[in-house]
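Trainee: Dropping in structure.txt, which is compact mmCIF, C-alpha atoms and all ligand atoms:
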```
# COMPACT_ATOMS: atom_id res chain seq x y z
CA MET A 27 0.00 0.00 0.00
CA ARG A 28 0.99 3.66 -0.19
CA ALA A 29 1.63 5.56 3.03
CA LEU A 30 3.20 8.78 4.24
CA THR A 31 6.39 7.97 6.12
CA TRP A 32 8.59 10.10 8.38
CA GLN A 33 12.25 10.01 7.39
CA GLY A 34 13.73 12.76 9.50
CA ARG A 35 13.26 16.43 10.31
CA HIS A 36 11.33 18.14 7.48
CA ASP A 37 11.52 14.95 5.43
CA VAL A 38 8.35 12.93 4.87
CA ARG A 39 7.67 10.75 1.82
CA VAL A 40 4.86 8.73 0.32
CA GLU A 41 6.22 5.23 -0.15
CA THR A 42 5.07 1.71 -0.87
CA VAL A 43 5.03 -0.26 2.39
CA PRO A 44 3.62 -3.65 3.47
CA ASP A 45 -0.15 -3.80 4.01
CA PRO A 46 -1.24 -3.99 7.67
CA GLU A 47 -2.50 -7.30 9.03
CA ILE A 48 -4.72 -8.40 11.89
CA VAL A 49 -2.43 -9.04 14.87
CA ASN A 50 -4.87 -9.32 17.77
CA PRO A 51 -8.45 -10.62 17.92
CA HIS A 52 -9.84 -7.15 18.66
CA ASP A 53 -8.12 -5.53 15.64
CA ALA A 54 -9.80 -4.25 12.53
CA ILE A 55 -8.27 -3.12 9.24
CA LEU A 56 -9.66 0.02 7.61
CA ARG A 57 -9.42 1.19 4.07
CA VAL A 58 -8.76 4.85 4.80
CA THR A 59 -10.96 7.24 2.83
CA SER A 60 -9.98 10.58 4.43
CA THR A 61 -7.15 11.63 6.71
CA ALA A 62 -6.03 15.05 7.89
CA ILE A 63 -2.74 16.69 8.83
CA CYS A 64 -2.76 18.05 12.38
CA GLY A 65 -0.83 20.76 14.21
CA SER A 66 0.53 17.89 16.29
CA ASP A 67 2.03 16.39 13.11
CA LEU A 68 4.00 19.62 12.76
CA HIS A 69 5.76 18.86 16.05
CA LEU A 70 6.91 15.54 14.49
CA TYR A 71 7.79 17.22 11.19
CA ASP A 72 9.86 19.83 13.04
CA GLY A 73 11.61 17.11 15.03
CA TYR A 74 10.36 18.13 18.50
CA ILE A 75 8.97 14.75 19.51
CA PRO A 76 11.58 12.11 20.36
CA GLY A 77 11.14 8.43 19.59
CA MET A 78 10.57 8.75 15.84
CA ARG A 79 12.18 6.19 13.54
CA SER A 80 12.81 6.48 9.86
CA GLY A 81 9.94 4.84 7.99
CA ASP A 82 7.27 5.43 10.66
CA ILE A 83 3.83 5.96 9.11
CA LEU A 84 2.23 9.20 10.33
CA GLY A 85 -1.38 10.21 10.78
CA HIS A 86 -3.76 10.15 13.72
CA GLU A 87 -6.83 11.83 12.18
CA PHE A 88 -8.48 9.35 9.85
CA MET A 89 -11.63 7.48 8.92
CA GLY A 90 -12.53 4.78 6.50
CA GLU A 91 -14.31 1.57 5.68
CA VAL A 92 -13.83 -1.62 7.66
CA VAL A 93 -12.36 -4.27 5.34
CA GLU A 94 -11.22 -6.94 7.80
CA VAL A 95 -12.02 -7.78 11.41
CA GLY A 96 -10.45 -9.92 14.11
CA SER A 97 -12.52 -12.50 15.96
CA GLU A 98 -13.24 -10.15 18.90
CA SER A 99 -13.87 -6.94 17.01
CA THR A 100 -17.40 -5.61 17.34
CA LEU A 101 -17.18 -3.96 13.91
CA SER A 102 -18.35 -5.52 10.65
CA LYS A 103 -16.93 -5.34 7.16
CA GLY A 104 -18.34 -2.46 5.16
CA GLN A 105 -19.04 -0.15 8.11
CA ARG A 106 -17.84 3.45 7.84
CA VAL A 107 -16.03 4.54 10.99
CA VAL A 108 -14.11 7.45 12.48
CA VAL A 109 -11.25 6.47 14.80
CA PRO A 110 -10.13 8.41 17.93
CA PHE A 111 -6.42 9.30 17.89
CA PRO A 112 -5.63 7.88 21.37
CA ILE A 113 -5.82 4.11 21.58
CA ALA A 114 -7.76 2.94 24.64
CA CYS A 115 -8.51 -0.53 26.02
CA GLY A 116 -11.86 0.39 27.61
CA GLU A 117 -11.15 -1.82 30.63
CA CYS A 118 -8.39 -0.27 32.74
CA PHE A 119 -8.72 2.06 35.74
CA PHE A 120 -8.34 5.13 33.50
CA CYS A 121 -10.69 4.02 30.74
CA LYS A 122 -13.32 3.23 33.39
CA LYS A 123 -12.97 6.83 34.56
CA GLN A 124 -13.44 7.96 30.93
CA GLN A 125 -9.85 9.23 30.89
CA PHE A 126 -9.18 7.39 27.67
CA SER A 127 -6.01 9.21 26.65
CA CYS A 128 -4.48 7.98 29.92
CA CYS A 129 -5.18 4.30 29.13
CA ASP A 130 -2.69 2.01 30.82
CA ASN A 131 -2.90 -0.94 28.43
CA THR A 132 -2.19 0.31 24.93
CA ASN A 133 1.47 1.28 25.03
CA PRO A 134 3.52 -1.94 24.88
CA ALA A 135 6.06 -2.37 27.66
CA GLU A 136 9.02 -2.12 25.29
CA THR A 137 8.02 1.38 24.22
CA SER A 138 6.44 2.70 27.41
CA ASP A 139 9.66 2.89 29.45
CA ALA A 140 10.71 6.21 27.95
CA THR A 141 7.52 8.02 28.92
CA GLU A 142 7.49 6.33 32.30
CA PHE A 143 10.97 7.71 32.85
CA GLN A 144 10.10 11.18 31.56
CA TYR A 145 6.56 11.61 32.93
CA GLY A 146 6.52 9.28 35.91
CA TYR A 147 4.01 6.91 34.30
CA PRO A 148 3.71 5.48 30.81
CA MET A 149 1.46 7.17 28.25
CA ALA A 150 -1.30 5.56 26.22
CA GLY A 151 -0.84 4.46 22.63
CA VAL A 152 -1.50 7.00 19.87
CA PHE A 153 -1.67 6.35 16.12
CA GLY A 154 1.31 7.58 14.13
CA TYR A 155 2.91 9.44 17.00
CA SER A 156 6.37 8.08 17.73
CA HIS A 157 7.60 5.09 19.64
CA LEU A 158 6.98 6.94 22.90
CA THR A 159 3.29 6.24 22.33
CA GLY A 160 3.57 2.68 21.10
CA GLY A 161 5.00 3.11 17.60
CA TYR A 162 1.61 2.37 16.01
CA ALA A 163 1.40 2.93 12.27
CA GLY A 164 -0.79 5.94 11.50
CA GLY A 165 -3.63 6.53 9.11
CA GLN A 166 -2.06 8.74 6.46
CA ALA A 167 -2.07 5.61 4.38
CA GLU A 168 -4.34 3.53 2.21
CA TYR A 169 -4.94 1.02 5.00
CA VAL A 170 -4.46 1.04 8.76
CA ARG A 171 -4.67 -1.48 11.57
CA VAL A 172 -6.97 -0.33 14.37
CA PRO A 173 -6.23 -2.09 17.68
CA PHE A 174 -9.04 -2.20 20.27
CA SER A 175 -11.52 -1.65 17.47
CA ASN A 176 -14.23 -2.77 19.87
CA VAL A 177 -13.64 0.36 21.98
CA GLY A 178 -12.60 3.33 19.84
CA PRO A 179 -14.18 3.69 16.41
CA ILE A 180 -17.62 5.20 15.97
CA VAL A 181 -19.84 4.10 13.09
CA VAL A 182 -21.05 7.14 11.14
CA PRO A 183 -24.25 7.37 9.13
CA ASP A 184 -23.92 7.20 5.35
CA HIS A 185 -25.67 10.50 4.73
CA LEU A 186 -22.86 12.43 6.46
CA GLU A 187 -19.95 12.79 4.06
CA ASP A 188 -16.36 12.33 5.29
CA ASP A 189 -15.61 16.06 5.65
CA LYS A 190 -18.48 16.46 8.13
CA VAL A 191 -17.32 13.73 10.52
CA LEU A 192 -13.57 13.26 9.98
CA PHE A 193 -12.61 15.78 12.67
CA LEU A 194 -14.35 13.70 15.34
CA SER A 195 -11.05 11.80 15.32
CA ASP A 196 -9.24 14.61 17.10
CA ILE A 197 -9.57 18.37 16.67
CA LEU A 198 -13.32 18.69 17.16
CA PRO A 199 -13.32 16.90 20.54
CA THR A 200 -10.03 18.63 21.34
CA GLY A 201 -11.56 22.09 20.85
CA TRP A 202 -14.61 20.92 22.80
CA MET A 203 -12.62 19.54 25.73
CA ALA A 204 -10.50 22.71 25.76
CA ALA A 205 -13.67 24.79 26.21
CA GLU A 206 -15.14 22.33 28.72
CA ASN A 207 -11.92 22.61 30.74
CA CYS A 208 -12.64 26.36 31.07
CA GLU A 209 -15.73 25.56 33.17
CA ILE A 210 -17.54 28.41 31.46
CA GLU A 211 -20.07 30.37 33.50
CA GLU A 212 -22.66 32.86 32.34
CA GLY A 213 -21.10 36.18 31.35
CA ASP A 214 -17.60 34.73 31.00
CA THR A 215 -14.94 36.10 28.70
CA VAL A 216 -12.61 33.44 27.28
CA ALA A 217 -9.32 34.27 25.53
CA VAL A 218 -7.97 31.75 23.02
CA TRP A 219 -4.35 31.79 21.82
CA GLY A 220 -3.92 30.19 18.39
CA CYS A 221 -6.52 30.21 15.60
CA GLY A 222 -5.43 26.96 14.03
CA PRO A 223 -8.01 24.18 13.79
CA VAL A 224 -7.86 23.47 17.54
CA GLY A 225 -8.21 27.13 18.50
CA LEU A 226 -11.07 27.64 16.03
CA PHE A 227 -13.00 24.67 17.39
CA ALA A 228 -12.28 25.84 20.94
CA ILE A 229 -13.78 29.24 20.03
CA GLN A 230 -16.83 27.62 18.46
CA SER A 231 -17.27 25.32 21.48
CA ALA A 232 -16.81 28.10 24.06
CA LEU A 233 -19.54 30.14 22.36
CA LEU A 234 -21.82 27.08 22.19
CA MET A 235 -21.20 26.51 25.91
CA GLY A 236 -22.42 30.02 26.63
CA ALA A 237 -19.30 32.20 26.82
CA HIS A 238 -20.38 35.81 26.66
CA ARG A 239 -17.27 36.91 24.78
CA VAL A 240 -14.39 35.09 23.15
CA ILE A 241 -11.18 36.92 22.28
CA ALA A 242 -8.97 35.14 19.73
CA ILE A 243 -5.24 35.76 19.32
CA ASP A 244 -3.03 34.89 16.35
CA HIS A 245 -1.30 36.78 13.57
CA TYR A 246 -2.45 35.00 10.41
CA LYS A 247 -5.09 37.26 8.90
CA SER A 248 -7.04 34.43 7.29
CA ARG A 249 -7.22 32.47 10.55
CA LEU A 250 -8.20 35.59 12.52
CA ALA A 251 -10.91 36.22 9.91
CA LEU A 252 -12.32 32.72 10.52
CA ALA A 253 -12.29 33.38 14.27
CA LYS A 254 -14.17 36.62 13.72
CA GLN A 255 -16.67 34.84 11.49
CA LEU A 256 -17.36 32.45 14.39
CA GLY A 257 -18.15 35.41 16.63
CA ALA A 258 -14.83 36.11 18.37
CA GLU A 259 -13.20 39.48 18.86
CA ILE A 260 -9.67 39.29 17.51
CA LEU A 261 -6.16 40.41 18.45
CA ASP A 262 -3.08 40.27 16.22
CA TYR A 263 -0.17 39.58 18.56
CA ARG A 264 2.19 41.31 16.16
CA GLU A 265 0.21 44.54 16.42
CA VAL A 266 -0.66 44.78 20.11
CA ASP A 267 0.74 43.90 23.50
CA VAL A 268 -1.55 40.96 24.18
CA ARG A 269 -1.59 41.23 27.97
CA GLU A 270 -2.32 44.95 27.89
CA ALA A 271 -5.00 44.54 25.24
CA LEU A 272 -6.74 41.77 27.16
CA ALA A 273 -6.70 43.78 30.37
CA GLU A 274 -8.12 46.78 28.57
CA MET A 275 -10.86 44.75 26.93
CA THR A 276 -11.94 43.25 30.27
CA GLY A 277 -12.18 46.36 32.41
CA GLY A 278 -8.70 45.80 33.82
CA ILE A 279 -9.32 42.40 35.42
CA GLY A 280 -8.39 39.92 32.66
CA PRO A 281 -10.37 37.13 30.98
CA ASP A 282 -12.16 34.60 33.20
CA ALA A 283 -10.62 31.69 31.34
CA VAL A 284 -7.79 31.27 28.87
CA ILE A 285 -7.01 28.55 26.33
CA ASP A 286 -3.50 27.84 25.06
CA ALA A 287 -4.19 26.27 21.64
CA VAL A 288 -0.62 26.85 20.45
CA GLY A 289 1.64 24.51 22.38
CA LEU A 290 5.38 24.08 22.35
CA GLU A 291 6.21 25.90 19.12
CA ALA A 292 5.03 29.43 20.02
CA HIS A 293 5.99 32.09 17.48
CA GLY A 294 6.72 35.73 18.10
CA ILE A 295 9.66 37.93 18.91
CA SER A 296 9.06 38.56 22.59
CA ILE A 297 12.19 38.41 24.74
CA ASP A 298 11.09 35.26 26.56
CA ASN A 299 10.42 33.47 23.27
CA ILE A 300 13.80 34.42 21.86
CA LEU A 301 15.46 33.16 25.03
CA ASP A 302 13.48 29.89 24.83
CA GLN A 303 14.59 29.44 21.23
CA ALA A 304 18.23 30.03 22.08
CA LYS A 305 18.04 27.67 25.05
CA SER A 306 16.28 24.98 23.04
CA MET A 307 19.18 24.98 20.58
CA THR A 308 21.50 24.01 23.40
CA PHE A 309 18.94 21.59 24.90
CA MET A 310 18.65 23.66 28.09
CA VAL A 311 14.90 23.63 27.50
CA THR A 312 12.82 21.62 25.05
CA ASP A 313 9.55 23.57 24.88
CA ARG A 314 8.87 27.21 24.00
CA ILE A 315 6.21 28.18 26.53
CA HIS A 316 5.70 31.85 25.64
CA VAL A 317 1.95 31.41 25.14
CA PHE A 318 1.61 29.37 28.31
CA ARG A 319 3.31 32.16 30.26
CA GLU A 320 1.26 34.87 28.59
CA ALA A 321 -1.98 32.99 29.29
CA VAL A 322 -1.15 32.47 32.99
CA LEU A 323 -0.17 36.13 33.39
CA SER A 324 -3.21 37.44 31.48
CA VAL A 325 -6.03 35.43 33.09
CA ARG A 326 -7.92 37.10 35.94
CA LYS A 327 -7.28 36.17 39.55
CA GLY A 328 -9.13 32.94 40.38
CA GLY A 329 -9.41 32.18 36.66
CA ARG A 330 -9.13 28.96 34.70
CA VAL A 331 -6.31 27.92 32.38
CA SER A 332 -7.02 25.28 29.72
CA VAL A 333 -4.10 23.82 27.78
CA PRO A 334 -4.91 21.69 24.74
CA GLY A 335 -1.65 22.83 23.08
CA VAL A 336 0.90 20.03 23.20
CA TYR A 337 3.98 20.21 25.42
CA GLY A 338 6.49 17.40 25.48
CA GLY A 339 9.44 18.05 27.70
CA PHE A 340 10.82 20.71 29.98
CA ALA A 341 10.44 24.45 30.14
CA ASP A 342 12.02 27.47 31.69
CA LYS A 343 10.54 30.36 33.68
CA PHE A 344 7.08 29.03 34.21
CA PRO A 345 5.36 31.78 36.26
CA VAL A 346 4.62 29.47 39.14
CA GLY A 347 4.25 32.45 41.49
CA ALA A 348 1.46 33.97 39.39
CA PHE A 349 -0.13 30.56 39.09
CA MET A 350 -0.26 30.04 42.85
CA GLU A 351 -0.79 33.58 44.09
CA LYS A 352 -3.65 34.25 41.65
CA GLY A 353 -5.38 31.03 42.70
CA LEU A 354 -5.61 29.61 39.21
CA THR A 355 -6.92 26.25 38.10
CA MET A 356 -5.32 24.46 35.19
CA ARG A 357 -6.73 21.59 33.15
CA THR A 358 -4.95 20.00 30.24
CA GLY A 359 -4.19 16.70 28.53
CA GLN A 360 -4.40 14.73 25.36
CA THR A 361 -8.08 14.64 24.52
CA HIS A 362 -10.27 11.84 25.86
CA VAL A 363 -11.77 11.62 22.38
CA HIS A 364 -13.87 8.50 23.04
CA ARG A 365 -15.90 10.42 25.61
CA TYR A 366 -17.08 13.03 23.12
CA LEU A 367 -17.77 10.99 19.98
CA LYS A 368 -21.47 10.33 20.50
CA PRO A 369 -22.55 13.78 21.74
CA LEU A 370 -20.53 15.57 19.07
CA LEU A 371 -21.83 13.30 16.30
CA GLU A 372 -25.32 14.22 17.51
CA HIS A 373 -24.46 17.93 17.32
CA ILE A 374 -23.22 17.38 13.74
CA GLU A 375 -26.37 15.49 12.79
CA GLN A 376 -28.56 18.21 14.28
CA GLY A 377 -26.61 20.87 12.37
CA LYS A 378 -25.39 22.58 15.58
CA ILE A 379 -21.78 22.04 14.54
CA ASP A 380 -20.48 22.22 10.99
CA SER A 381 -16.78 21.56 11.08
CA THR A 382 -16.21 21.81 7.32
CA PHE A 383 -15.62 25.58 7.40
CA LEU A 384 -11.96 25.21 8.24
CA ILE A 385 -10.99 22.82 5.43
CA SER A 386 -8.87 24.91 3.09
CA HIS A 387 -7.46 22.13 0.89
CA HIS A 388 -8.19 18.61 -0.30
CA ALA A 389 -5.31 16.70 -1.86
CA PRO A 390 -4.53 13.15 -2.91
CA LEU A 391 -2.49 11.08 -0.44
CA GLU A 392 0.26 10.97 -3.06
CA GLN A 393 0.78 14.72 -2.52
CA ALA A 394 1.09 14.42 1.25
CA ALA A 395 4.75 15.44 1.40
CA GLU A 396 4.07 18.64 -0.50
CA MET A 397 1.06 19.28 1.74
CA TYR A 398 3.23 18.94 4.87
CA ARG A 399 5.55 21.59 3.43
CA ASN A 400 2.60 23.87 2.73
CA TRP A 401 1.10 23.25 6.14
CA HIS A 402 4.44 24.17 7.69
CA ASP A 403 5.34 27.15 5.50
CA ASN A 404 2.03 28.75 4.54
CA GLN A 405 -0.29 28.51 7.51
CA ASP A 406 -2.03 31.71 6.43
CA GLN A 407 -3.36 29.91 3.34
CA PHE A 408 -3.51 26.34 4.62
CA THR A 409 -5.96 26.19 7.51
CA LYS A 410 -6.60 22.46 7.36
CA ILE A 411 -5.60 19.87 4.78
CA VAL A 412 -7.62 16.73 4.14
CA LEU A 413 -5.88 13.95 2.23
CA LYS A 414 -8.02 11.65 0.13
CA THR A 415 -6.77 8.20 -0.74
CA GLU A 416 -8.94 7.88 -3.81
CA MET A 417 -8.40 11.33 -5.22
CA ALA A 418 -6.31 11.21 -8.37
CA MET A 419 -3.08 13.16 -8.72
CA PRO A 420 -3.29 16.02 -11.21
CA LYS A 421 -2.13 14.63 -14.59
CA ALA A 422 1.07 16.66 -14.94
CA GLU A 423 2.30 15.68 -11.49
CA LYS A 424 1.45 12.05 -12.06
CA LYS A 425 3.68 12.03 -15.13
CA GLU A 426 6.46 13.73 -13.19
CA GLN A 427 6.23 11.15 -10.43
CA GLN A 428 6.21 8.24 -12.86
CA HIS A 429 9.27 9.78 -14.40
CA GLU A 430 10.96 9.96 -10.99
CA LEU A 431 10.04 6.36 -10.26
CA ALA A 432 11.52 5.26 -13.59
N1 LIG A 501 -4.50 18.01 23.48
C1 LIG A 501 -4.74 17.31 22.38
O1 LIG A 501 -5.25 16.20 22.44
C2 LIG A 501 -4.40 17.90 21.06
C3 LIG A 501 -5.02 17.43 19.90
C4 LIG A 501 -4.74 18.07 18.68
C5 LIG A 501 -3.83 19.12 18.64
N2 LIG A 501 -3.23 19.50 19.79
C6 LIG A 501 -2.28 20.62 19.82
O2 LIG A 501 -2.98 21.85 19.73
C7 LIG A 501 -2.07 22.83 19.18
C8 LIG A 501 -2.76 23.52 18.02
O3 LIG A 501 -3.05 22.62 16.98
P1 LIG A 501 -3.50 23.15 15.56
O4 LIG A 501 -3.78 21.98 14.70
O5 LIG A 501 -4.53 24.18 15.71
O6 LIG A 501 -2.09 23.79 15.11
P2 LIG A 501 -1.67 24.96 14.13
O7 LIG A 501 -0.20 24.86 14.02
O8 LIG A 501 -2.51 24.94 12.91
O9 LIG A 501 -2.08 26.29 14.92
C9 LIG A 501 -1.29 26.94 15.85
C10 LIG A 501 -1.61 28.41 15.75
O10 LIG A 501 -0.97 29.09 16.82
C11 LIG A 501 -0.59 30.35 16.36
N3 LIG A 501 0.43 30.95 17.23
C12 LIG A 501 1.77 30.71 17.25
N4 LIG A 501 2.36 31.50 18.14
C13 LIG A 501 1.40 32.25 18.71
C14 LIG A 501 1.43 33.27 19.69
N5 LIG A 501 2.57 33.67 20.25
N6 LIG A 501 0.24 33.86 20.05
C15 LIG A 501 -0.93 33.47 19.46
N7 LIG A 501 -1.00 32.51 18.50
C16 LIG A 501 0.16 31.92 18.13
C17 LIG A 501 -0.06 30.07 14.96
O11 LIG A 501 0.01 31.26 14.20
C18 LIG A 501 -1.09 29.06 14.44
O12 LIG A 501 -2.15 29.68 13.76
C19 LIG A 501 -0.82 22.07 18.79
O13 LIG A 501 0.13 22.16 19.84
C20 LIG A 501 -1.28 20.64 18.69
O14 LIG A 501 -0.25 19.73 18.88
C21 LIG A 501 -3.51 18.94 20.98
ZN ZN A 502 -4.21 15.82 15.82
ZN ZN A 503 -7.53 1.50 29.18
```
What would the structure in this file look like if it were written as structure tokens?
Ligand SMILES: NC(=O)c1ccc[n+]([C@@H]2O[C@H](COP(=O)([O-])OP(=O)(O)OC[C@H]3O[C@@H](n4cnc5c(N)ncnc54)[C@H](O)[C@@H]3O)[C@@H](O)[C@H]2O)c1
Ligand SMILES: [Zn+2]
Ligand SMILES: [Zn+2]

Mentor:
Amino acid sequence: MRALTWQGRHDVRVETVPDPEIVNPHDAILRVTSTAICGSDLHLYDGYIPGMRSGDILGHEFMGEVVEVGSESTLSKGQRVVVPFPIACGECFFCKKQQFSCCDNTNPAETSDATEFQYGYPMAGVFGYSHLTGGYAGGQAEYVRVPFSNVGPIVVPDHLEDDKVLFLSDILPTGWMAAENCEIEEGDTVAVWGCGPVGLFAIQSALLMGAHRVIAIDHYKSRLALAKQLGAEILDYREVDVREALAEMTGGIGPDAVIDAVGLEAHGISIDNILDQAKSMTFMVTDRIHVFREAVLSVRKGGRVSVPGVYGGFADKFPVGAFMEKGLTMRTGQTHVHRYLKPLLEHIEQGKIDSTFLISHHAPLEQAAEMYRNWHDNQDQFTKIVLKTEMAMPKAEKKEQQHELA
């Protein structure tokens, strides 16, 4: 089959690789129909996440048709399913508490040691996300093996096309959980850093949950325009001092809740960010936490901090004093996607949520490497890329590729 493989920093390629096979009785094999590139994939592309090996198949946002099932899978051939990006067993202490992304049974012992060492306890398995999370092949491929297929995938009705349901795999529940973690109360103002797909869905969710105002921060005009379209007020961090602007907009007290939908690769030329960058080059820190700091310092006293943005290692100058003295609450984590599939599918079916607005590009899987470059270099034009396995390559490029292969 064809699949997008990671080869090294800024080097991904579509290659022919062996087809996946059923390994365990609860496995299923999907023929992938749609798969998306995520902001989290950028962290792999940029080489921030350790534990990647040359040839690893990427992709944790995917859906498709069931083509093979193990003896204990509850799925049947022919069903159309969306698959959550964390792999959960459904039986352990954490799964029973609905904390699916903390599952204790899906990261094999041989790969879980590294996260146990780094985080104190091993992490759950995740599709296409390094050998720290199990080394599972991802879904940016023609076919994918889905372990624990009796727990994760949700069957979607035929009348909802792929684009309407694909984001149930990750970013839609992630934006939702980010807003839920803000514990929004009537009259609340929520500030959201990052107007990528996660930030945009967090904005949409916060408004649906009753936030009075949402203030969105980014610098890409097209992404800010989408945030505004959703009903947010917007701030360009290149044009204003974000902390001052937020204080001014909230009568001097700061937003009630803040969402960091940026994560470890914060941009911007603030002094702290430049220092983080310099230190990360010498491995004194791994993560650039400028947005995290700004969010903690901007939120009102007694406010809530929600962090869907991914962090992986260690950071410098976390304002722990502000965090404690202001009496803040923080909630974060990889999304417990399984928990949100049913209610969010219902919202989609009822027309309360239409997640298609942020798809800027469709492309054939064969063009995935080029799409990664675009996603990395031109975020102002590429809001979200959906790769289609059955979409044909444009003729000219097909010829070029055949030429290269010859
Ligand atoms: N917790 C989870 O389960 C989960 C799931 C999916 C994605 N994520 C993470 O969420 C984050 C966002 O994902 P995405 O797909 O939207 O990514 P993205 O790269 O498309 O968006 C990030 C946005 O942040 C903006 N940004 C950068 N620096 C900023 C700053 N200083 N101030 C304000 N905005 C700034 C960028 O301009 C960009 O628009 C990533 O870290 C991703 O890994 C987490
Ligand atoms: Zn993702
Ligand atoms: Zn579990």

Trainee: For each of A:Thr200, A:Phe143, A:Asn207, A:His36, take the minimum atom-to-atom distance to ligand ZN 502 (chain A), counting all atoms listed in the file, then give the residue where this is smallest.

Mentor: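 Once distances to ligand ZN 502 (chain A) are computed over all atoms listed in the file, the minimum belongs to A:Thr200.
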
Trainee: So which residues touch Thr132 in chain A within 9 Å, counting all atoms listed in the file, skipping near sequence neighbours fewer than 4 positions away, as a compact mmCIF listing (two decimals) with C-alpha atoms, in the coordinates of the input?

Mentor:
```txt
# COMPACT_ATOMS: atom_id res chain seq x y z
CA ILE A 113 -5.82 4.11 21.58
CA ALA A 114 -7.76 2.94 24.64
CA CYS A 115 -8.51 -0.53 26.02
CA MET A 149 1.46 7.17 28.25
CA ALA A 150 -1.30 5.56 26.22
CA GLY A 151 -0.84 4.46 22.63
CA VAL A 152 -1.50 7.00 19.87
CA THR A 159 3.29 6.24 22.33
CA GLY A 160 3.57 2.68 21.10
CA PRO A 173 -6.23 -2.09 17.68
CA PHE A 174 -9.04 -2.20 20.27
```

Trainee: For ligand LIG 501 (chain A), list the contacting residues at 6 Å or closer, counting only C-alpha atoms and all ligand atoms, as a PyMOL selection string.

Mentor: chain A and resi 64-66+196-197+200+219-225+243-246+263+287-289+292-294+317+334-336+359-361

Trainee: Next, the residues of the selection above should be written as a tab-separated table (two decimals), in the frame of the given file with C-alpha atoms.

Mentor:
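That gives us again-v6.tsv:
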```tsv
chain	number	residue	atom	x	y	z
A	64	CYS	CA	-2.76	18.05	12.38
A	65	GLY	CA	-0.83	20.76	14.21
A	66	SER	CA	0.53	17.89	16.29
A	196	ASP	CA	-9.24	14.61	17.10
A	197	ILE	CA	-9.57	18.37	16.67
A	200	THR	CA	-10.03	18.63	21.34
A	219	TRP	CA	-4.35	31.79	21.82
A	220	GLY	CA	-3.92	30.19	18.39
A	221	CYS	CA	-6.52	30.21	15.60
A	222	GLY	CA	-5.43	26.96	14.03
A	223	PRO	CA	-8.01	24.18	13.79
A	224	VAL	CA	-7.86	23.47	17.54
A	225	GLY	CA	-8.21	27.13	18.50
A	243	ILE	CA	-5.24	35.76	19.32
A	244	ASP	CA	-3.03	34.89	16.35
A	245	HIS	CA	-1.30	36.78	13.57
A	246	TYR	CA	-2.45	35.00	10.41
A	263	TYR	CA	-0.17	39.58	18.56
A	287	ALA	CA	-4.19	26.27	21.64
A	288	VAL	CA	-0.62	26.85	20.45
A	289	GLY	CA	1.64	24.51	22.38
A	292	ALA	CA	5.03	29.43	20.02
A	293	HIS	CA	5.99	32.09	17.48
A	294	GLY	CA	6.72	35.73	18.10
A	317	VAL	CA	1.95	31.41	25.14
A	334	PRO	CA	-4.91	21.69	24.74
A	335	GLY	CA	-1.65	22.83	23.08
A	336	VAL	CA	0.90	20.03	23.20
A	359	GLY	CA	-4.19	16.70	28.53
A	360	GLN	CA	-4.40	14.73	25.36
A	361	THR	CA	-8.08	14.64	24.52
```

Trainee: Counting all atoms listed in the file, which residue out of A:Ser138, A:Gln166, A:Gln33, A:Gln407 sits closest to Ala394 in chain A?

Mentor: A:Gln166

Trainee: Hey, what's within 10 Å of Ser175 in chain A if we count all atoms listed in the file and toss same-chain stuff fewer than 3 positions away? As number ranges by chain, please?

Mentor: A: 51-55, 95-96, 98-101, 109, 113-115, 171-172, 178-180

Trainee: Please write the residues from the selection above to a file, keeping C-alpha atoms, as a PDB file, keeping the file's coordinate frame.

Mentor:
```pdb
ATOM      1  CA  PRO A  51      -8.450 -10.620  17.920  1.00  0.00           C
ATOM      2  CA  HIS A  52      -9.840  -7.150  18.660  1.00  0.00           C
ATOM      3  CA  ASP A  53      -8.120  -5.530  15.640  1.00  0.00           C
ATOM      4  CA  ALA A  54      -9.800  -4.250  12.530  1.00  0.00           C
ATOM      5  CA  ILE A  55      -8.270  -3.120   9.240  1.00  0.00           C
ATOM      6  CA  VAL A  95     -12.020  -7.780  11.410  1.00  0.00           C
ATOM      7  CA  GLY A  96     -10.450  -9.920  14.110  1.00  0.00           C
ATOM      8  CA  GLU A  98     -13.240 -10.150  18.900  1.00  0.00           C
ATOM      9  CA  SER A  99     -13.870  -6.940  17.010  1.00  0.00           C
ATOM     10  CA  THR A 100     -17.400  -5.610  17.340  1.00  0.00           C
ATOM     11  CA  LEU A 101     -17.180  -3.960  13.910  1.00  0.00           C
ATOM     12  CA  VAL A 109     -11.250   6.470  14.800  1.00  0.00           C
ATOM     13  CA  ILE A 113      -5.820   4.110  21.580  1.00  0.00           C
ATOM     14  CA  ALA A 114      -7.760   2.940  24.640  1.00  0.00           C
ATOM     15  CA  CYS A 115      -8.510  -0.530  26.020  1.00  0.00           C
ATOM     16  CA  ARG A 171      -4.670  -1.480  11.570  1.00  0.00           C
ATOM     17  CA  VAL A 172      -6.970  -0.330  14.370  1.00  0.00           C
ATOM     18  CA  GLY A 178     -12.600   3.330  19.840  1.00  0.00           C
ATOM     19  CA  PRO A 179     -14.180   3.690  16.410  1.00  0.00           C
ATOM     20  CA  ILE A 180     -17.620   5.200  15.970  1.00  0.00           C
TER      21      ILE A 180
END
```

Trainee: Under the rule that all atoms listed in the file are counted, which of A:Arg330, A:Lys352, A:Lys343, A:Arg357 is the nearest residue to Asp298 in chain A?

Mentor: A:Lys343

Trainee: Just the residues within 12 Å of Val268 in chain A, please, counting all atoms listed in the file, with nothing from its chain fewer than 2 positions along; format it as a PyMOL selection string.

Mentor: chain A and resi 217-219+241-245+260-266+270-275+280-281+294+296+316-317+319-321+323-325
